[in-house]
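Below is work.txt, holding compact mmCIF, C-alpha atoms and all ligand atoms.
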# COMPACT_ATOMS: atom_id res chain seq x y z
CA MET Y 20 11.61 -10.57 -19.42
CA THR Y 21 14.81 -8.55 -19.75
CA LYS Y 22 14.10 -4.91 -20.54
CA ILE Y 23 16.45 -2.79 -22.63
CA LEU Y 24 16.19 0.89 -23.43
CA LEU Y 25 17.56 1.93 -26.83
CA ILE Y 26 18.62 5.55 -26.93
CA TYR Y 27 18.99 6.81 -30.49
CA THR Y 28 21.17 9.90 -30.81
CA GLY Y 29 21.73 9.80 -34.57
CA GLY Y 30 24.51 8.66 -36.87
CA THR Y 31 24.64 6.37 -39.89
CA ILE Y 32 23.04 3.39 -38.17
CA GLY Y 33 19.59 5.03 -38.11
CA MET Y 34 19.57 6.11 -41.72
CA ILE Y 35 18.00 4.78 -44.88
CA LYS Y 36 18.47 5.83 -48.46
CA ASN Y 37 15.68 7.93 -49.87
CA PRO Y 38 14.86 6.04 -53.10
CA LEU Y 39 13.91 9.28 -54.86
CA THR Y 40 16.90 11.45 -54.00
CA GLY Y 41 19.48 8.76 -53.20
CA GLU Y 42 20.40 10.72 -50.05
CA LEU Y 43 20.83 9.21 -46.59
CA GLU Y 44 18.10 10.35 -44.22
CA SER Y 45 17.35 9.55 -40.58
CA PHE Y 46 14.26 7.37 -40.26
CA ASN Y 47 11.69 7.68 -37.50
CA PHE Y 48 13.24 5.57 -34.79
CA LYS Y 49 9.87 4.46 -33.48
CA HIS Y 50 9.82 2.23 -36.58
CA ILE Y 51 13.09 0.47 -35.79
CA HIS Y 52 11.27 -2.89 -35.70
CA ASP Y 53 10.22 -2.41 -39.35
CA HIS Y 54 13.84 -2.04 -40.37
CA VAL Y 55 15.20 -4.76 -38.09
CA PRO Y 56 12.39 -7.34 -37.80
CA GLU Y 57 14.89 -9.69 -36.09
CA LEU Y 58 14.48 -7.57 -32.93
CA SER Y 59 11.09 -9.11 -32.21
CA ARG Y 60 12.68 -12.57 -32.19
CA LEU Y 61 15.05 -11.65 -29.37
CA ASN Y 62 13.83 -12.73 -25.98
CA VAL Y 63 14.10 -9.14 -24.77
CA HIS Y 64 11.58 -6.38 -24.27
CA ILE Y 65 12.94 -3.35 -26.13
CA GLU Y 66 11.76 0.20 -25.81
CA SER Y 67 13.30 3.10 -27.63
CA ILE Y 68 13.69 6.78 -27.20
CA SER Y 69 15.23 9.16 -29.69
CA PHE Y 70 16.83 12.61 -29.57
CA ASP Y 71 14.19 15.03 -30.88
CA GLU Y 72 16.63 15.89 -33.61
CA PRO Y 73 19.02 13.01 -34.29
CA ILE Y 74 22.50 14.33 -35.03
CA ASP Y 75 25.59 13.40 -36.95
CA SER Y 76 28.01 12.68 -34.13
CA SER Y 77 30.29 15.50 -35.34
CA GLU Y 78 27.74 17.80 -33.68
CA MET Y 79 28.15 16.14 -30.28
CA ASN Y 80 28.80 18.46 -27.34
CA LEU Y 81 28.47 18.66 -23.56
CA SER Y 82 24.71 19.22 -23.67
CA HIS Y 83 24.23 15.94 -25.57
CA TRP Y 84 26.34 14.06 -23.02
CA LYS Y 85 24.21 15.58 -20.30
CA MET Y 86 21.06 14.51 -22.14
CA MET Y 87 22.29 10.92 -22.54
CA SER Y 88 23.37 10.68 -18.89
CA LYS Y 89 20.02 12.01 -17.75
CA LEU Y 90 18.12 9.54 -19.92
CA VAL Y 91 20.08 6.66 -18.41
CA ALA Y 92 19.70 8.02 -14.85
CA GLU Y 93 15.96 8.70 -15.14
CA ASN Y 94 15.29 5.26 -16.56
CA TYR Y 95 17.89 3.42 -14.51
CA SER Y 96 15.51 1.46 -12.30
CA LEU Y 97 13.14 0.61 -15.16
CA TYR Y 98 15.54 -1.27 -17.44
CA ASP Y 99 18.15 -3.99 -17.18
CA GLY Y 100 20.49 -2.30 -19.62
CA PHE Y 101 20.94 0.58 -22.04
CA VAL Y 102 22.09 0.63 -25.66
CA ILE Y 103 23.06 4.01 -27.06
CA LEU Y 104 23.02 4.28 -30.84
CA HIS Y 105 25.54 6.88 -31.86
CA GLY Y 106 27.54 7.96 -34.89
CA SER Y 107 30.90 6.27 -34.87
CA ASP Y 108 32.95 9.43 -35.46
CA THR Y 109 32.84 10.71 -31.88
CA MET Y 110 31.54 7.60 -30.13
CA ALA Y 111 34.78 7.09 -28.20
CA PHE Y 112 34.52 10.63 -26.80
CA SER Y 113 30.91 10.12 -25.70
CA ALA Y 114 31.64 6.71 -24.21
CA SER Y 115 34.59 8.19 -22.30
CA ALA Y 116 32.52 11.15 -21.10
CA LEU Y 117 29.65 8.97 -19.91
CA SER Y 118 32.03 6.67 -18.05
CA PHE Y 119 32.93 9.65 -15.84
CA MET Y 120 29.39 11.02 -15.66
CA LEU Y 121 27.71 7.73 -14.72
CA GLN Y 122 29.72 6.32 -11.84
CA GLY Y 123 28.69 3.38 -9.72
CA LEU Y 124 26.91 1.66 -12.62
CA LYS Y 125 25.55 -1.78 -11.83
CA LYS Y 126 23.97 -2.07 -15.27
CA PRO Y 127 25.40 -2.01 -18.80
CA VAL Y 128 25.54 1.06 -21.02
CA VAL Y 129 26.61 -0.12 -24.47
CA PHE Y 130 27.38 2.27 -27.30
CA THR Y 131 27.10 1.02 -30.84
CA GLY Y 132 26.61 2.32 -34.35
CA SER Y 133 27.62 1.29 -37.84
CA GLN Y 134 29.68 2.15 -40.88
CA LEU Y 135 26.80 1.42 -43.28
CA PRO Y 136 23.17 2.46 -42.70
CA ILE Y 137 20.82 -0.18 -41.36
CA GLY Y 138 18.74 0.01 -44.54
CA THR Y 139 21.57 -1.12 -46.84
CA ILE Y 140 22.08 -4.78 -47.79
CA ARG Y 141 25.65 -5.14 -46.49
CA THR Y 142 25.01 -3.15 -43.34
CA ASP Y 143 27.07 -3.88 -40.25
CA GLY Y 144 24.37 -2.10 -38.24
CA LYS Y 145 22.07 -5.08 -37.71
CA GLU Y 146 24.71 -7.30 -36.17
CA ASN Y 147 26.07 -4.45 -34.06
CA LEU Y 148 22.61 -3.54 -32.80
CA ILE Y 149 21.38 -7.08 -32.12
CA THR Y 150 24.56 -8.16 -30.31
CA ALA Y 151 24.76 -4.91 -28.32
CA ILE Y 152 21.21 -5.58 -27.09
CA GLU Y 153 22.09 -9.17 -26.24
CA ILE Y 154 25.19 -8.03 -24.30
CA ALA Y 155 23.23 -5.34 -22.45
CA GLY Y 156 20.76 -7.97 -21.28
CA MET Y 157 23.21 -10.63 -20.10
CA LYS Y 158 23.21 -11.68 -16.45
CA ASP Y 159 25.52 -13.90 -14.41
CA GLU Y 160 24.49 -16.89 -12.28
CA ASN Y 161 23.48 -14.53 -9.43
CA GLY Y 162 21.17 -12.55 -11.67
CA GLU Y 163 23.50 -9.54 -11.80
CA ALA Y 164 24.45 -7.77 -15.00
CA ILE Y 165 27.72 -9.14 -16.37
CA LEU Y 166 28.72 -5.76 -17.74
CA GLN Y 167 28.53 -2.93 -15.20
CA GLU Y 168 30.24 -0.12 -17.08
CA VAL Y 169 30.12 2.00 -20.23
CA ALA Y 170 31.34 0.02 -23.25
CA VAL Y 171 31.57 0.22 -27.03
CA TYR Y 172 30.43 -2.74 -29.13
CA PHE Y 173 31.55 -2.79 -32.75
CA GLU Y 174 32.18 -5.61 -35.24
CA TYR Y 175 32.26 -8.57 -32.84
CA SER Y 176 34.32 -6.81 -30.15
CA LEU Y 177 33.31 -5.23 -26.86
CA TYR Y 178 35.67 -2.57 -25.54
CA ARG Y 179 35.77 -0.50 -22.37
CA GLY Y 180 34.33 2.85 -23.47
CA ASN Y 181 37.06 5.05 -22.02
CA ARG Y 182 39.79 2.90 -23.60
CA SER Y 183 38.35 2.90 -27.11
CA SER Y 184 39.26 5.00 -30.15
CA LYS Y 185 37.92 5.10 -33.69
CA ILE Y 186 40.77 3.89 -35.88
CA SER Y 187 39.21 3.42 -39.33
CA ALA Y 188 36.97 5.56 -41.49
CA ASN Y 189 36.10 2.71 -43.84
CA GLN Y 190 36.68 -0.71 -42.25
CA PHE Y 191 33.87 -2.43 -40.39
CA GLU Y 192 36.42 -2.95 -37.60
CA ALA Y 193 36.33 0.76 -36.84
CA PHE Y 194 37.35 0.68 -33.18
CA GLN Y 195 40.23 -0.48 -31.09
CA SER Y 196 41.29 -0.35 -27.50
CA PRO Y 197 45.06 -0.37 -27.85
CA ASN Y 198 45.97 -0.23 -24.16
CA TYR Y 199 43.34 -2.54 -22.74
CA PRO Y 200 42.20 -5.89 -24.11
CA GLU Y 201 38.64 -6.60 -25.26
CA LEU Y 202 36.02 -7.21 -22.58
CA ALA Y 203 34.26 -9.76 -24.74
CA LYS Y 204 34.30 -11.19 -28.23
CA ALA Y 205 31.13 -12.17 -30.06
CA GLY Y 206 31.39 -15.48 -31.90
CA ILE Y 207 28.82 -18.22 -31.78
CA HIS Y 208 28.63 -17.31 -28.11
CA ILE Y 209 29.61 -14.13 -26.32
CA GLU Y 210 33.00 -14.95 -24.85
CA TRP Y 211 33.44 -12.79 -21.77
CA GLN Y 212 36.82 -11.98 -20.22
CA LYS Y 213 35.41 -11.56 -16.76
CA ASP Y 214 38.67 -10.62 -15.08
CA ARG Y 215 38.83 -7.52 -17.32
CA LEU Y 216 35.45 -6.13 -16.34
CA PHE Y 217 35.27 -2.97 -14.24
CA ARG Y 218 33.47 -3.00 -10.90
CA SER Y 219 32.82 0.30 -9.16
CA LYS Y 220 33.29 0.62 -5.42
CA LEU Y 221 30.37 3.07 -5.25
CA PRO Y 222 27.25 1.42 -3.83
CA GLN Y 223 24.90 3.07 -6.31
CA LEU Y 224 24.66 5.12 -9.46
CA THR Y 225 26.05 8.62 -8.97
CA VAL Y 226 25.51 11.04 -11.82
CA PHE Y 227 27.77 14.01 -12.63
CA THR Y 228 26.42 16.29 -15.31
CA GLU Y 229 28.36 19.50 -14.71
CA LEU Y 230 31.22 19.20 -17.17
CA GLN Y 231 33.37 22.18 -18.07
CA ASN Y 232 35.13 22.54 -21.37
CA GLN Y 233 37.88 24.98 -20.40
CA VAL Y 234 40.42 22.56 -21.85
CA ALA Y 235 42.67 22.59 -24.88
CA LEU Y 236 44.42 19.83 -26.80
CA ILE Y 237 47.81 20.49 -28.36
CA ARG Y 238 49.61 17.93 -30.48
CA LEU Y 239 53.34 18.45 -30.87
CA TYR Y 240 55.02 18.11 -34.25
CA PRO Y 241 58.52 18.85 -35.51
CA GLY Y 242 58.90 22.39 -36.76
CA MET Y 243 56.01 23.63 -34.63
CA ASN Y 244 55.78 27.41 -34.28
CA PHE Y 245 55.21 27.78 -30.53
CA GLU Y 246 54.36 31.46 -30.82
CA VAL Y 247 51.15 30.48 -32.56
CA TYR Y 248 50.12 28.59 -29.41
CA GLU Y 249 51.10 31.28 -26.93
CA SER Y 250 47.58 32.72 -26.80
CA ILE Y 251 46.21 29.37 -25.60
CA PHE Y 252 48.70 29.16 -22.74
CA LYS Y 253 47.92 32.75 -21.76
CA ASP Y 254 44.14 32.55 -22.04
CA ALA Y 255 42.54 32.73 -18.57
CA ARG Y 256 39.62 30.61 -19.85
CA VAL Y 257 41.95 27.65 -20.37
CA LYS Y 258 42.25 25.72 -17.11
CA ALA Y 259 43.83 22.54 -18.44
CA ILE Y 260 45.86 21.54 -21.47
CA VAL Y 261 46.30 18.04 -22.81
CA LEU Y 262 49.67 17.80 -24.52
CA GLU Y 263 50.03 15.01 -27.07
CA THR Y 264 53.77 14.42 -26.95
CA TYR Y 265 56.16 12.07 -28.73
CA GLY Y 266 56.83 8.47 -27.71
CA SER Y 267 56.99 7.98 -23.96
CA GLY Y 268 56.16 11.64 -23.27
CA ASN Y 269 58.95 13.59 -24.93
CA ALA Y 270 59.05 17.15 -26.24
CA PRO Y 271 61.59 19.54 -27.74
CA SER Y 272 63.72 21.55 -25.34
CA ASP Y 273 62.64 24.85 -26.90
CA ARG Y 274 62.97 27.62 -24.30
CA HIS Y 275 59.86 29.45 -25.44
CA PHE Y 276 57.74 26.31 -25.17
CA GLN Y 277 59.15 25.48 -21.74
CA LYS Y 278 58.43 28.97 -20.47
CA MET Y 279 54.83 28.84 -21.69
CA VAL Y 280 54.30 25.51 -19.92
CA THR Y 281 56.00 26.68 -16.71
CA ASP Y 282 54.05 29.96 -16.53
CA PHE Y 283 50.77 28.21 -17.23
CA ILE Y 284 51.34 25.76 -14.35
CA GLU Y 285 52.56 28.48 -11.99
CA ASN Y 286 49.32 30.33 -12.67
CA GLY Y 287 47.31 27.31 -11.55
CA GLY Y 288 46.83 25.52 -14.88
CA ILE Y 289 46.97 21.74 -15.35
CA VAL Y 290 49.07 20.21 -18.10
CA LEU Y 291 48.41 16.54 -18.79
CA ASN Y 292 50.97 14.68 -20.86
CA ILE Y 293 49.74 11.86 -23.10
CA THR Y 294 51.47 10.14 -25.97
CA GLN Y 295 50.49 10.61 -29.57
CA CYS Y 296 51.50 6.97 -30.22
CA GLY Y 297 48.62 4.60 -30.86
CA SER Y 298 49.59 2.50 -27.84
CA GLY Y 299 51.89 2.54 -24.84
CA ALA Y 300 52.32 4.98 -22.00
CA VAL Y 301 54.00 8.21 -20.99
CA GLN Y 302 56.91 7.76 -18.59
CA GLN Y 303 58.29 11.18 -17.77
CA GLY Y 304 61.97 11.36 -16.91
CA ILE Y 305 63.17 8.39 -18.93
CA TYR Y 306 64.64 10.69 -21.57
CA GLN Y 307 66.17 14.09 -21.00
CA THR Y 308 63.48 15.41 -23.36
CA SER Y 309 60.78 14.65 -20.79
CA SER Y 310 62.62 15.44 -17.54
CA PHE Y 311 61.59 19.08 -17.87
CA PHE Y 312 57.94 18.06 -17.58
CA GLU Y 313 58.65 16.20 -14.37
CA ARG Y 314 60.46 19.21 -12.89
CA VAL Y 315 57.75 21.78 -13.55
CA GLY Y 316 54.75 19.69 -12.51
CA VAL Y 317 53.32 18.44 -15.79
CA ILE Y 318 51.12 15.46 -14.90
CA SER Y 319 51.70 12.16 -16.65
CA GLY Y 320 48.52 10.89 -18.28
CA ARG Y 321 50.20 7.45 -18.54
CA ASN Y 322 48.27 5.48 -21.15
CA LEU Y 323 45.10 7.57 -21.39
CA THR Y 324 43.58 7.97 -24.84
CA SER Y 325 43.09 11.61 -25.85
CA GLU Y 326 39.33 11.02 -25.72
CA ALA Y 327 39.58 9.89 -22.10
CA ALA Y 328 42.12 12.60 -21.17
CA LEU Y 329 39.90 15.43 -22.44
CA THR Y 330 36.67 14.13 -20.95
CA LYS Y 331 38.32 13.27 -17.62
CA LEU Y 332 39.51 16.88 -17.32
CA MET Y 333 36.08 18.20 -18.31
CA TYR Y 334 34.49 16.03 -15.65
CA LEU Y 335 37.02 16.99 -12.95
CA LEU Y 336 36.84 20.71 -13.77
CA GLY Y 337 33.08 20.53 -13.37
CA SER Y 338 32.95 18.46 -10.22
CA THR Y 339 35.92 19.18 -7.96
CA ASP Y 340 38.15 21.90 -6.59
CA GLU Y 341 41.69 22.52 -7.84
CA LYS Y 342 43.44 20.41 -5.18
CA THR Y 343 41.21 17.36 -5.63
CA LEU Y 344 41.46 17.72 -9.39
CA LYS Y 345 45.26 17.48 -9.24
CA GLU Y 346 45.05 14.34 -7.12
CA SER Y 347 42.21 12.70 -9.03
CA VAL Y 348 43.67 13.26 -12.45
CA GLN Y 349 46.63 11.07 -11.46
CA VAL Y 350 44.57 8.04 -10.45
CA SER Y 351 42.38 5.74 -12.46
CA LEU Y 352 38.79 6.63 -11.57
CA VAL Y 353 36.75 4.34 -13.79
CA GLY Y 354 39.34 2.02 -15.32
CA GLU Y 355 40.51 4.59 -17.86
CA MET Y 356 44.26 4.02 -17.37
CA ASP Y 357 46.86 1.74 -15.83
N1 LIG B 401 29.34 10.82 -39.57
C1 LIG B 401 28.67 9.73 -38.93
C2 LIG B 401 28.56 10.07 -37.46
O1 LIG B 401 29.48 9.90 -36.72
C3 LIG B 401 29.38 8.45 -39.15
C4 LIG B 401 28.76 7.29 -38.44
O2 LIG B 401 27.62 7.31 -38.02
O3 LIG B 401 29.42 6.27 -38.30
O4 LIG B 401 27.51 10.50 -37.04

Turn this file's structure into structure tokens for me.
Ligand code: ASP
Amino acid sequence: MTKILLIYTGGTIGMIKNPLTGELESFNFKHIHDHVPELSRLNVHIESISFDEPIDSSEMNLSHWKMMSKLVAENYSLYDGFVILHGSDTMAFSASALSFMLQGLKKPVVFTGSQLPIGTIRTDGKENLITAIEIAGMKDENGEAILQEVAVYFEYSLYRGNRSSKISANQFEAFQSPNYPELAKAGIHIEWQKDRLFRSKLPQLTVFTELQNQVALIRLYPGMNFEVYESIFKDARVKAIVLETYGSGNAPSDRHFQKMVTDFIENGGIVLNITQCGSGAVQQGIYQTSSFFERVGVISGRNLTSEAALTKLMYLLGSTDEKTLKESVQVSLVGEMD
């Protein structure tokens, strides 16, 4: 029988309303079958493991990503697939991070969660959980896992983890993958788009847990006071900056801003240019307002999401030297950009 490990990190999905106080509380995840009796009707053997203290995903940090990666790695040979239950707020960050930390996957790691707690009548959590488990257990005609990467399943759609973003705080369709089409759609059957699935060239699972968070994210906006940001560009702890620029990678021609960027790069810093548009890619040099970036060595992040850009830099800062980092940041490592 197919074996799936459920890893419960916290979030709305694992909560029920306390009838006395009316407040949402995490339930003991060992009792998941009591709340979702349908699980025992799936033809899958499910075991679960929970963070000692389940968290709202706003609390997520590098140590939690390390914990999740280790749980997958330690149990890798024992299960056919992994489903990580996670708050939706930062799920796209965690899915992006784990895609860099767990390379060479030959088994599925599916993140899911819900907008309404599993104990409420109109919950989206049951469908998300049940289908995520089904997807994590699916094999092809050769007996190999169909999905061999980190993905996010939410409201009938399966997305590549490092391409996904949370786009709604209140719709059940809370996620999108604007620069890469869905990997599968759940209808009566799971409709796979097999040509879109990622396949790693690594022969086996290779785990990277040493992330470094010496990164900063700066989003440009008209009227920005660049002096306020000077301390970030001058801070020796900051090794890389993700710049969220306009349109296809454009920025104002402010001298002060350009000097900060130039000095930061000359002192060995990395500046990665991504667009603040919901979809599309950076193409430096198309407009005069982005030619400066090209001249001083700002790296184009092409169509990376900010979640993937930040976690890719954290992974590279923790696992490579400066020269390799500069090369690796420009290529797609785990299907995170075109
Ligand atoms: N605040 C919650 C979290 O991200 C929301 C959710 O679970 O969807 O943990």

Judged by only C-alpha atoms, the minimum distance to Met157 (chain Y) among Y:Phe70, Y:Phe48, Y:Tyr240, Y:Trp211 is found for Y:Trp211

For Leu117 (chain Y), find every residue with an atom within 8 Å (counting all atoms listed in the file), except residues of its own chain fewer than 4 positions away, and show them as a VMD selection string. chain Y and resid 84 88 113 121 169

Could you check how far CA of Gly288 (chain Y) sits from CA of Leu332 (chain Y), in Å to one decimal? 11.6 Å

Min atom-atom distance to ligand LIG 401 (chain B) from the set Y:Leu90, Y:Leu323, Y:Ala188, Y:Leu58, counting only C-alpha atoms and all ligand atoms, belongs to Y:Ala188

Using only C-alpha atoms, which residue out of Y:Ala92, Y:Ile140, Y:Leu335, Y:Leu148 lies closest to Tyr27 (chain Y)? Y:Leu148

List all protein, DNA and RNA residues that have an atom no more than 9 Å from any atom of ligand LIG 401 (chain B), counting all atoms listed in the file, and report them as a PDB file with C-alpha atoms, keeping the file's coordinate frame.
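Contents of the output file pocket-v1.pdb:
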ATOM      1  CA  THR Y  28      21.170   9.900 -30.810  1.00  0.00           C
ATOM      2  CA  GLY Y  29      21.730   9.800 -34.570  1.00  0.00           C
ATOM      3  CA  GLY Y  30      24.510   8.660 -36.870  1.00  0.00           C
ATOM      4  CA  THR Y  31      24.640   6.370 -39.890  1.00  0.00           C
ATOM      5  CA  ILE Y  32      23.040   3.390 -38.170  1.00  0.00           C
ATOM      6  CA  GLY Y  33      19.590   5.030 -38.110  1.00  0.00           C
ATOM      7  CA  MET Y  34      19.570   6.110 -41.720  1.00  0.00           C
ATOM      8  CA  ILE Y  74      22.500  14.330 -35.030  1.00  0.00           C
ATOM      9  CA  ASP Y  75      25.590  13.400 -36.950  1.00  0.00           C
ATOM     10  CA  SER Y  76      28.010  12.680 -34.130  1.00  0.00           C
ATOM     11  CA  SER Y  77      30.290  15.500 -35.340  1.00  0.00           C
ATOM     12  CA  GLU Y  78      27.740  17.800 -33.680  1.00  0.00           C
ATOM     13  CA  MET Y  79      28.150  16.140 -30.280  1.00  0.00           C
ATOM     14  CA  HIS Y 105      25.540   6.880 -31.860  1.00  0.00           C
ATOM     15  CA  GLY Y 106      27.540   7.960 -34.890  1.00  0.00           C
ATOM     16  CA  SER Y 107      30.900   6.270 -34.870  1.00  0.00           C
ATOM     17  CA  ASP Y 108      32.950   9.430 -35.460  1.00  0.00           C
ATOM     18  CA  THR Y 109      32.840  10.710 -31.880  1.00  0.00           C
ATOM     19  CA  MET Y 110      31.540   7.600 -30.130  1.00  0.00           C
ATOM     20  CA  GLY Y 132      26.610   2.320 -34.350  1.00  0.00           C
ATOM     21  CA  SER Y 133      27.620   1.290 -37.840  1.00  0.00           C
ATOM     22  CA  GLN Y 134      29.680   2.150 -40.880  1.00  0.00           C
ATOM     23  CA  LEU Y 135      26.800   1.420 -43.280  1.00  0.00           C
ATOM     24  CA  PRO Y 136      23.170   2.460 -42.700  1.00  0.00           C
ATOM     25  CA  ALA Y 188      36.970   5.560 -41.490  1.00  0.00           C
ATOM     26  CA  ALA Y 193      36.330   0.760 -36.840  1.00  0.00           C
TER      27      ALA Y 193
END

Polymer residues at most 8 Å from region 338-354 of chain Y, all atoms listed in the file, same-chain spacing of 5 or more positions, as a tab-separated table (two decimals) with C-alpha atoms, keeping the file's coordinate frame:
chain	number	residue	atom	x	y	z
Y	118	SER	CA	32.03	6.67	-18.05
Y	119	PHE	CA	32.93	9.65	-15.84
Y	122	GLN	CA	29.72	6.32	-11.84
Y	181	ASN	CA	37.06	5.05	-22.02
Y	217	PHE	CA	35.27	-2.97	-14.24
Y	219	SER	CA	32.82	0.30	-9.16
Y	227	PHE	CA	27.77	14.01	-12.63
Y	229	GLU	CA	28.36	19.50	-14.71
Y	230	LEU	CA	31.22	19.20	-17.17
Y	289	ILE	CA	46.97	21.74	-15.35
Y	318	ILE	CA	51.12	15.46	-14.90
Y	319	SER	CA	51.70	12.16	-16.65
Y	320	GLY	CA	48.52	10.89	-18.28
Y	331	LYS	CA	38.32	13.27	-17.62
Y	332	LEU	CA	39.51	16.88	-17.32

Quick one: residues within 12 Å of Gly304 (chain Y), all atoms listed in the file counted, chain neighbours fewer than 4 positions away excluded, as a PyMOL selection string? chain Y and resi 267-270+308-319

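Closest to Gln302 (chain Y) among Y:Gly266, Y:Arg141, Y:Ile209, Y:Ser250 is Y:Gly266, based on all atoms listed in the file.
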
Find the residues of region 108-204 of chain Y that sit at most 10 Å from region 294-297 of chain Y; for each, write down the nearest two atoms and how far apart they are in Å, to one decimal. Count only C-alpha atoms. Sort by chain, then by number going up, and give it as JSON lines.
{"residue": "Y:Ser184", "atom": "CA", "partner": "Y:Gly297", "partner_atom": "CA", "distance": 9.4}
{"residue": "Y:Ile186", "atom": "CA", "partner": "Y:Gly297", "partner_atom": "CA", "distance": 9.3}
{"residue": "Y:Gln195", "atom": "CA", "partner": "Y:Gly297", "partner_atom": "CA", "distance": 9.8}
{"residue": "Y:Ser196", "atom": "CA", "partner": "Y:Gly297", "partner_atom": "CA", "distance": 9.5}
{"residue": "Y:Pro197", "atom": "CA", "partner": "Y:Gly297", "partner_atom": "CA", "distance": 6.8}
{"residue": "Y:Asn198", "atom": "CA", "partner": "Y:Gly297", "partner_atom": "CA", "distance": 8.7}

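Counting all atoms listed in the file, Pro200 (chain Y) has the following residues at most 10 Å away, ignoring those fewer than 3 positions along the same chain: Ser176, Leu177, Tyr178, Arg179, Arg182, Gln195, Ser196, Pro197, Ala203, Gln212 and Arg215 of chain Y.
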
Please list as a short mmCIF file (atom, residue, chain, number, x, y, z; two decimals) with C-alpha atoms, keeping the file's coordinate frame every residue within 7 Å of Tyr172 (chain Y), counting only C-alpha atoms and excluding residues in the same chain fewer than 5 positions away.
data_model
loop_
_atom_site.label_atom_id
_atom_site.label_comp_id
_atom_site.auth_asym_id
_atom_site.auth_seq_id
_atom_site.Cartn_x
_atom_site.Cartn_y
_atom_site.Cartn_z
CA VAL Y 129 26.61 -0.12 -24.47
CA PHE Y 130 27.38 2.27 -27.30
CA THR Y 131 27.10 1.02 -30.84
CA ASN Y 147 26.07 -4.45 -34.06
CA ALA Y 151 24.76 -4.91 -28.32
CA LEU Y 177 33.31 -5.23 -26.86
CA TYR Y 178 35.67 -2.57 -25.54
#

Kindly give the distance, in Å, that separates CA of Ile65 (chain Y) and CA of Ala170 (chain Y), rounded to a single decimal. 18.9 Å

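Between CA of Phe252 (chain Y) and CA of Tyr334 (chain Y) there is a distance of 20.6 Å.
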
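With only C-alpha atoms as the atoms that count, the minimum distance from His275 (chain Y) to the choices Y:Ile23, Y:Phe245, Y:Ala259, Y:Asp254 is reached by Y:Phe245.
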